[in-house]
Amino acid sequence: MLKVDTIEMGTVVDHIKPGKGYKVLEILNIVEDYPHRVALMMHVPSKQGGTKDIVKIEGKIVDKSAADIIALISPGSTINIIKGEKVADKFKVELPDELENAGKCPNPNCITNSEKATNKFKKESESYRCYYCERIFKAEELV
Amino acid sequence: MNLISIRDIDSKDIEGILDHAEKIDNGKATVDLDGKILATMFFEPSTRTKLSFQSAAMRCGMEVLDFSPGTSSLKKGESFADTLKTVEGYADALAIRHPKEGAVRLASTVIKKPVVNGGDGGNQHPTQTLIDLFSIKKTKGRIKDLNITLLGDLKHARTMRSLVYGLGMFGANVTLVSPSGLEMDKKYLEEVNDKFGLNVKIDNKPDYSDADVLYVCRIQAERFADPYEAQSVMEKFRIKKADLKDAKEDLVILHPLPKINEIESSIDEMPQAKYFEQAHYGIPLRQAVLDYILR
Ligand SMILES: [Zn+2]
């Protein structure tokens, strides 16, 4: 397996749906000029069978609201908060019951795509309903 | 109080509005909103709906202001929110129609005055849904257990989706008849079924022999790639006088209007045709709605 250095202070997002690691970086706004070390590992063999993606980010603590967005595209992911090279906190991402000021309505005719509005979605079984246009979408469509 | 979506109101509130509309229509109740002002804001043209709101408001003793820029103010670049905040100061309630879905919901978050949705893109048109329910109740005395057939392009007709929601809420037996490819979205039917339990049949053949109410909506030629196919489908789904002999004698035919040629014009004079009454029911119903949002 690839050897990637441990991080000092930051976040490891593990058990990402294979192929979605780059999307996690996008969600966390890790772009070209991000000044710290970042590792993206794709299609790593998983102990539970199959493969997974992993991202390691130095200098960024992933909070609950960012974890909610990660849950939309990769519901099984785990967040490991690293402090002093040790896991200080570990939790599984969870699909939120409500999503506010996050996500984007995929309906091009939704008012939120032409006027300033606080995006809002409500979970209904495994899908989300836009508070404005009232249409139902799959979780991953909102990212 | 706002009226934005049929999803926001429960059966008790709907019954309250329908009962009130019934009393207004019978002359047993009047709505006194004297001195209040309704602003109609139609960002998309719809003359009939606007006139109906204005007439209803006047019959409640209200004054009416019209701000209906079509799409011109959008071109000028003023934001929807700014326009609303300005007009809010001139009126006590706003009736808004907008081509974008969710626009009236957004309006309700921007301003404090009550708003009523006069249609937001392909999403909701709750007063039309209430008029449809009211028309069924007026002409049939009830909604529960009636056989109600909706016929036409059920994929694109926003009012039909909301109507199914209302019919599910009040326990009607629903039959959906549409040309193949123009069926109502299954996801939507599941939602209504999950909420209220929905007794629904789906068919591609225009059969309404067991219907108590036949609700017809338009099939647009533009939905078909082939003009010949469009023509033959529209002919097949046209309601013809000759076919009515196989239908129940006390069948009621409704249509949201304007109709083009989906119902043979000779039917207009028959006792089954109730679509012009249906349009007139819009007035007492919208009076009851204005009372509901301003109470
Ligand atoms: Zn939307």
# chains A, B, ... in the order shown; residues from 1 in each chain; ligands from 1
>>> residues_near_ligand(ligand="ligand 1", cutoff="6 Å", atoms="only C-alpha atoms and all ligand atoms", output="mmCIF file with C-alpha atoms, in the first residue's frame")
data_model
loop_
_atom_site.group_PDB
_atom_site.id
_atom_site.type_symbol
_atom_site.label_atom_id
_atom_site.label_comp_id
_atom_site.auth_asym_id
_atom_site.auth_seq_id
_atom_site.Cartn_x
_atom_site.Cartn_y
_atom_site.Cartn_z
ATOM 1 C CA CYS A 105 -30.785 23.071 -6.248
ATOM 2 C CA ASN A 107 -33.545 22.434 -10.967
ATOM 3 C CA CYS A 110 -35.752 27.011 -9.361
ATOM 4 C CA CYS A 130 -36.036 21.826 -2.094
ATOM 5 C CA TYR A 132 -38.500 26.577 -2.748
ATOM 6 C CA CYS A 133 -39.319 24.618 -5.908
#
>>> residues_around(residues="Phe134 of chain B", least_positions_apart="4", cutoff="10 Å", atoms="only C-alpha atoms", output="list in words")
Ile14, Glu15, Ile17, Leu18, Asp19, Ala21, Glu22, Gln128, Thr129, Leu130, Lys138, Thr139, Lys140, Gly141, Arg142, Ile143, Gln278, Tyr281, Gly282, Pro284 and Leu285 of chain B
>>> residues_around(residues="Val13 of chain A", least_positions_apart="2", cutoff="9 Å", atoms="only C-alpha atoms", output="list in words")
Thr11, His15, Ile16, Gly21, Val24, Asp53, Ile54, Val55, Lys56, Ile57, Val62, Ser77, Thr78, Ile79, Asn80 and Ile81 of chain A
>>> write_last_selection(atoms="N, CA and C atoms", output="short mmCIF file (atom, residue, chain, number, x, y, z; two decimals), in the first residue's frame")
data_model
loop_
_atom_site.label_atom_id
_atom_site.label_comp_id
_atom_site.auth_asym_id
_atom_site.auth_seq_id
_atom_site.Cartn_x
_atom_site.Cartn_y
_atom_site.Cartn_z
N THR A 11 -7.22 16.90 9.20
CA THR A 11 -8.32 15.95 9.11
C THR A 11 -8.00 14.82 8.12
N HIS A 15 -12.82 6.07 4.28
CA HIS A 15 -13.98 5.32 3.78
C HIS A 15 -14.84 6.12 2.81
N ILE A 16 -14.18 6.91 2.00
CA ILE A 16 -14.91 7.67 0.97
C ILE A 16 -15.26 6.71 -0.16
N GLY A 21 -13.12 10.96 -3.83
CA GLY A 21 -12.15 11.70 -3.01
C GLY A 21 -11.93 13.11 -3.51
N VAL A 24 -14.60 15.35 -2.43
CA VAL A 24 -14.48 15.74 -1.02
C VAL A 24 -13.55 16.95 -0.91
N ASP A 53 -11.67 5.67 -1.15
CA ASP A 53 -10.76 6.80 -1.29
C ASP A 53 -10.47 7.35 0.11
N ILE A 54 -9.31 7.96 0.25
CA ILE A 54 -8.95 8.61 1.53
C ILE A 54 -8.37 9.98 1.20
N VAL A 55 -8.69 11.00 1.98
CA VAL A 55 -7.97 12.26 1.85
C VAL A 55 -7.39 12.65 3.21
N LYS A 56 -6.19 13.18 3.15
CA LYS A 56 -5.53 13.68 4.36
C LYS A 56 -5.20 15.13 4.13
N ILE A 57 -5.64 15.97 5.04
CA ILE A 57 -5.46 17.41 4.86
C ILE A 57 -4.79 18.01 6.09
N VAL A 62 -12.26 19.62 9.75
CA VAL A 62 -13.57 19.49 9.11
C VAL A 62 -14.66 19.52 10.19
N SER A 77 -18.60 7.70 4.89
CA SER A 77 -17.29 8.24 5.25
C SER A 77 -17.13 8.49 6.74
N THR A 78 -15.87 8.43 7.18
CA THR A 78 -15.58 8.79 8.57
C THR A 78 -14.61 9.96 8.60
N ILE A 79 -14.78 10.80 9.61
CA ILE A 79 -13.93 11.98 9.77
C ILE A 79 -13.03 11.75 10.99
N ASN A 80 -11.73 11.86 10.78
CA ASN A 80 -10.78 11.75 11.89
C ASN A 80 -10.10 13.10 12.06
N ILE A 81 -10.32 13.71 13.20
CA ILE A 81 -9.68 14.99 13.48
C ILE A 81 -8.33 14.69 14.16
#
>>> interface_residues(of="chain A", to="chain B", cutoff="10 Å", atoms="only C-alpha atoms", output="compact mmCIF listing (two decimals) with C-alpha atoms, in the first residue's frame")
# COMPACT_ATOMS: atom_id res chain seq x y z
CA ASN A 107 -33.55 22.43 -10.97
CA PRO A 108 -32.55 25.16 -13.47
CA ASN A 109 -36.01 26.74 -13.15
CA CYS A 110 -35.75 27.01 -9.36
CA ILE A 111 -35.78 30.63 -8.15
CA THR A 112 -32.64 29.93 -6.07
CA ASN A 113 -30.67 29.67 -9.31
CA SER A 114 -31.58 33.18 -10.47
CA GLU A 115 -32.15 35.20 -7.29
CA LYS A 116 -30.27 35.48 -4.02
CA ALA A 117 -31.74 32.94 -1.60
CA THR A 118 -30.63 30.80 1.31
CA GLU A 124 -37.71 12.84 2.96
CA CYS A 130 -36.04 21.83 -2.09
CA TYR A 131 -37.82 24.28 0.21
CA TYR A 132 -38.50 26.58 -2.75
CA CYS A 133 -39.32 24.62 -5.91
CA GLU A 134 -40.56 21.62 -3.83
CA ARG A 135 -38.88 19.10 -6.11
CA ILE A 136 -37.27 15.94 -4.77
>>> residues_around(residues="segment 42-52 of chain B", least_positions_apart="4", cutoff="12 Å", atoms="only C-alpha atoms", output="PyMOL selection string")
chain B and resi 38+56-59+64-75+80+83-84+94-100+103-104+116-121+125-128+131+256-258+278-287+290
>>> residues_around(residues="Gly49 of chain A", least_positions_apart="5", cutoff="12 Å", atoms="only C-alpha atoms", output="list in words")
His15, Pro18, His43 and Val44 of chain A
>>> write_last_selection(atoms="C-alpha atoms", output="PDB file, in the first residue's frame")
ATOM      1  CA  HIS A  15     -13.984   5.316   3.781  1.00  0.00           C
ATOM      2  CA  PRO A  18     -14.254   5.094  -4.447  1.00  0.00           C
ATOM      3  CA  HIS A  43      -9.144   3.114  -4.964  1.00  0.00           C
ATOM      4  CA  VAL A  44      -7.269   1.949  -1.903  1.00  0.00           C
TER       5      VAL A  44
END
>>> select_by_dssp(residues="segment 147-243 of chain B", states="alpha helix (DSSP H)", output="VMD selection string")
chain B and resid 158 to 169 186 to 196 227 to 237
>>> select_by_dssp(residues="chain A", states="strand (DSSP E or B)", output="ChimeraX atom specification")
/A:9-16,38-45,51-58,78-83,86-92,98-100,110,120-124,127-130,136-138
>>> closest_residue(among="B:His255, B:Lys144, B:Lys112, B:Lys245", to="Met160 of chain B", atoms="only C-alpha atoms")
B:His255
>>> residues_around(residues="Ile260 of chain B", least_positions_apart="3", cutoff="12 Å", atoms="only C-alpha atoms", output="number ranges by chain")
B: 216-221, 234, 238-239, 255-257, 263-265
>>> write_last_selection(atoms="N, CA, C and O atoms", output="compact mmCIF listing (two decimals), in the first residue's frame")
# COMPACT_ATOMS: atom_id res chain seq x y z
N VAL B 216 -60.52 17.40 -17.68
CA VAL B 216 -59.74 17.36 -18.92
C VAL B 216 -58.70 18.46 -18.90
O VAL B 216 -58.99 19.60 -18.50
N CYS B 217 -57.47 18.15 -19.30
CA CYS B 217 -56.49 19.22 -19.50
C CYS B 217 -55.85 19.05 -20.87
O CYS B 217 -55.95 18.01 -21.50
N ARG B 218 -55.20 20.07 -21.32
CA ARG B 218 -54.72 20.15 -22.69
C ARG B 218 -53.55 19.20 -22.99
O ARG B 218 -52.75 18.90 -22.12
N ILE B 219 -53.51 18.76 -24.23
CA ILE B 219 -52.33 18.05 -24.74
C ILE B 219 -51.74 18.96 -25.80
O ILE B 219 -52.42 19.32 -26.76
N GLN B 220 -50.49 19.38 -25.61
CA GLN B 220 -49.91 20.32 -26.55
C GLN B 220 -49.14 19.60 -27.65
O GLN B 220 -48.35 18.69 -27.36
N ALA B 221 -49.37 20.04 -28.89
CA ALA B 221 -48.73 19.41 -30.05
C ALA B 221 -47.20 19.44 -29.93
O ALA B 221 -46.51 18.52 -30.38
N MET B 234 -54.09 13.64 -30.29
CA MET B 234 -55.03 14.66 -29.82
C MET B 234 -56.46 14.32 -30.26
O MET B 234 -57.41 14.54 -29.51
N ARG B 238 -59.62 13.58 -27.72
CA ARG B 238 -60.64 14.63 -27.72
C ARG B 238 -61.94 14.07 -27.14
O ARG B 238 -62.33 12.94 -27.42
N ILE B 239 -62.62 14.87 -26.31
CA ILE B 239 -63.90 14.44 -25.74
C ILE B 239 -65.00 14.79 -26.74
O ILE B 239 -65.16 15.96 -27.11
N HIS B 255 -62.62 21.60 -16.63
CA HIS B 255 -61.43 21.97 -17.42
C HIS B 255 -60.92 23.29 -16.86
O HIS B 255 -61.71 24.20 -16.59
N PRO B 256 -59.60 23.43 -16.68
CA PRO B 256 -59.10 24.68 -16.07
C PRO B 256 -59.21 25.90 -16.98
O PRO B 256 -59.05 27.03 -16.51
N LEU B 257 -59.47 25.71 -18.26
CA LEU B 257 -59.56 26.80 -19.25
C LEU B 257 -58.25 27.61 -19.31
O LEU B 257 -57.60 27.75 -18.30
N ILE B 263 -62.13 19.49 -26.07
CA ILE B 263 -63.52 19.11 -25.83
C ILE B 263 -64.33 19.66 -27.01
O ILE B 263 -64.24 20.84 -27.33
N GLU B 264 -65.09 18.79 -27.65
CA GLU B 264 -65.92 19.24 -28.77
C GLU B 264 -66.83 20.38 -28.32
O GLU B 264 -67.47 20.28 -27.27
N SER B 265 -66.92 21.44 -29.12
CA SER B 265 -67.63 22.63 -28.64
C SER B 265 -69.12 22.37 -28.43
O SER B 265 -69.77 23.05 -27.63
>>> residues_around(residues="Ser180 of chain B", least_positions_apart="4", cutoff="10 Å", atoms="only C-alpha atoms", output="PyMOL selection string")
chain B and resi 153+203-205+233
>>> closest_residue(among="B:Cys60, B:Asn199, B:Val174, B:Asp132", to="Ala29 of chain B", atoms="only C-alpha atoms")
B:Cys60
>>> closest_residue(among="A:Asp63, A:Asp68, A:Leu95, A:Met41", to="Val4 of chain A", atoms="only C-alpha atoms")
A:Met41
>>> closest_residue(among="B:Leu167, B:Leu198, B:Leu189, B:Ile9", to="Lys137 of chain B", atoms="only C-alpha atoms")
B:Leu167
>>> closest_residue(among="A:Glu94, A:Asp14, A:Asp5, A:Glu32", to="Leu72 of chain A", atoms="only C-alpha atoms")
A:Glu94
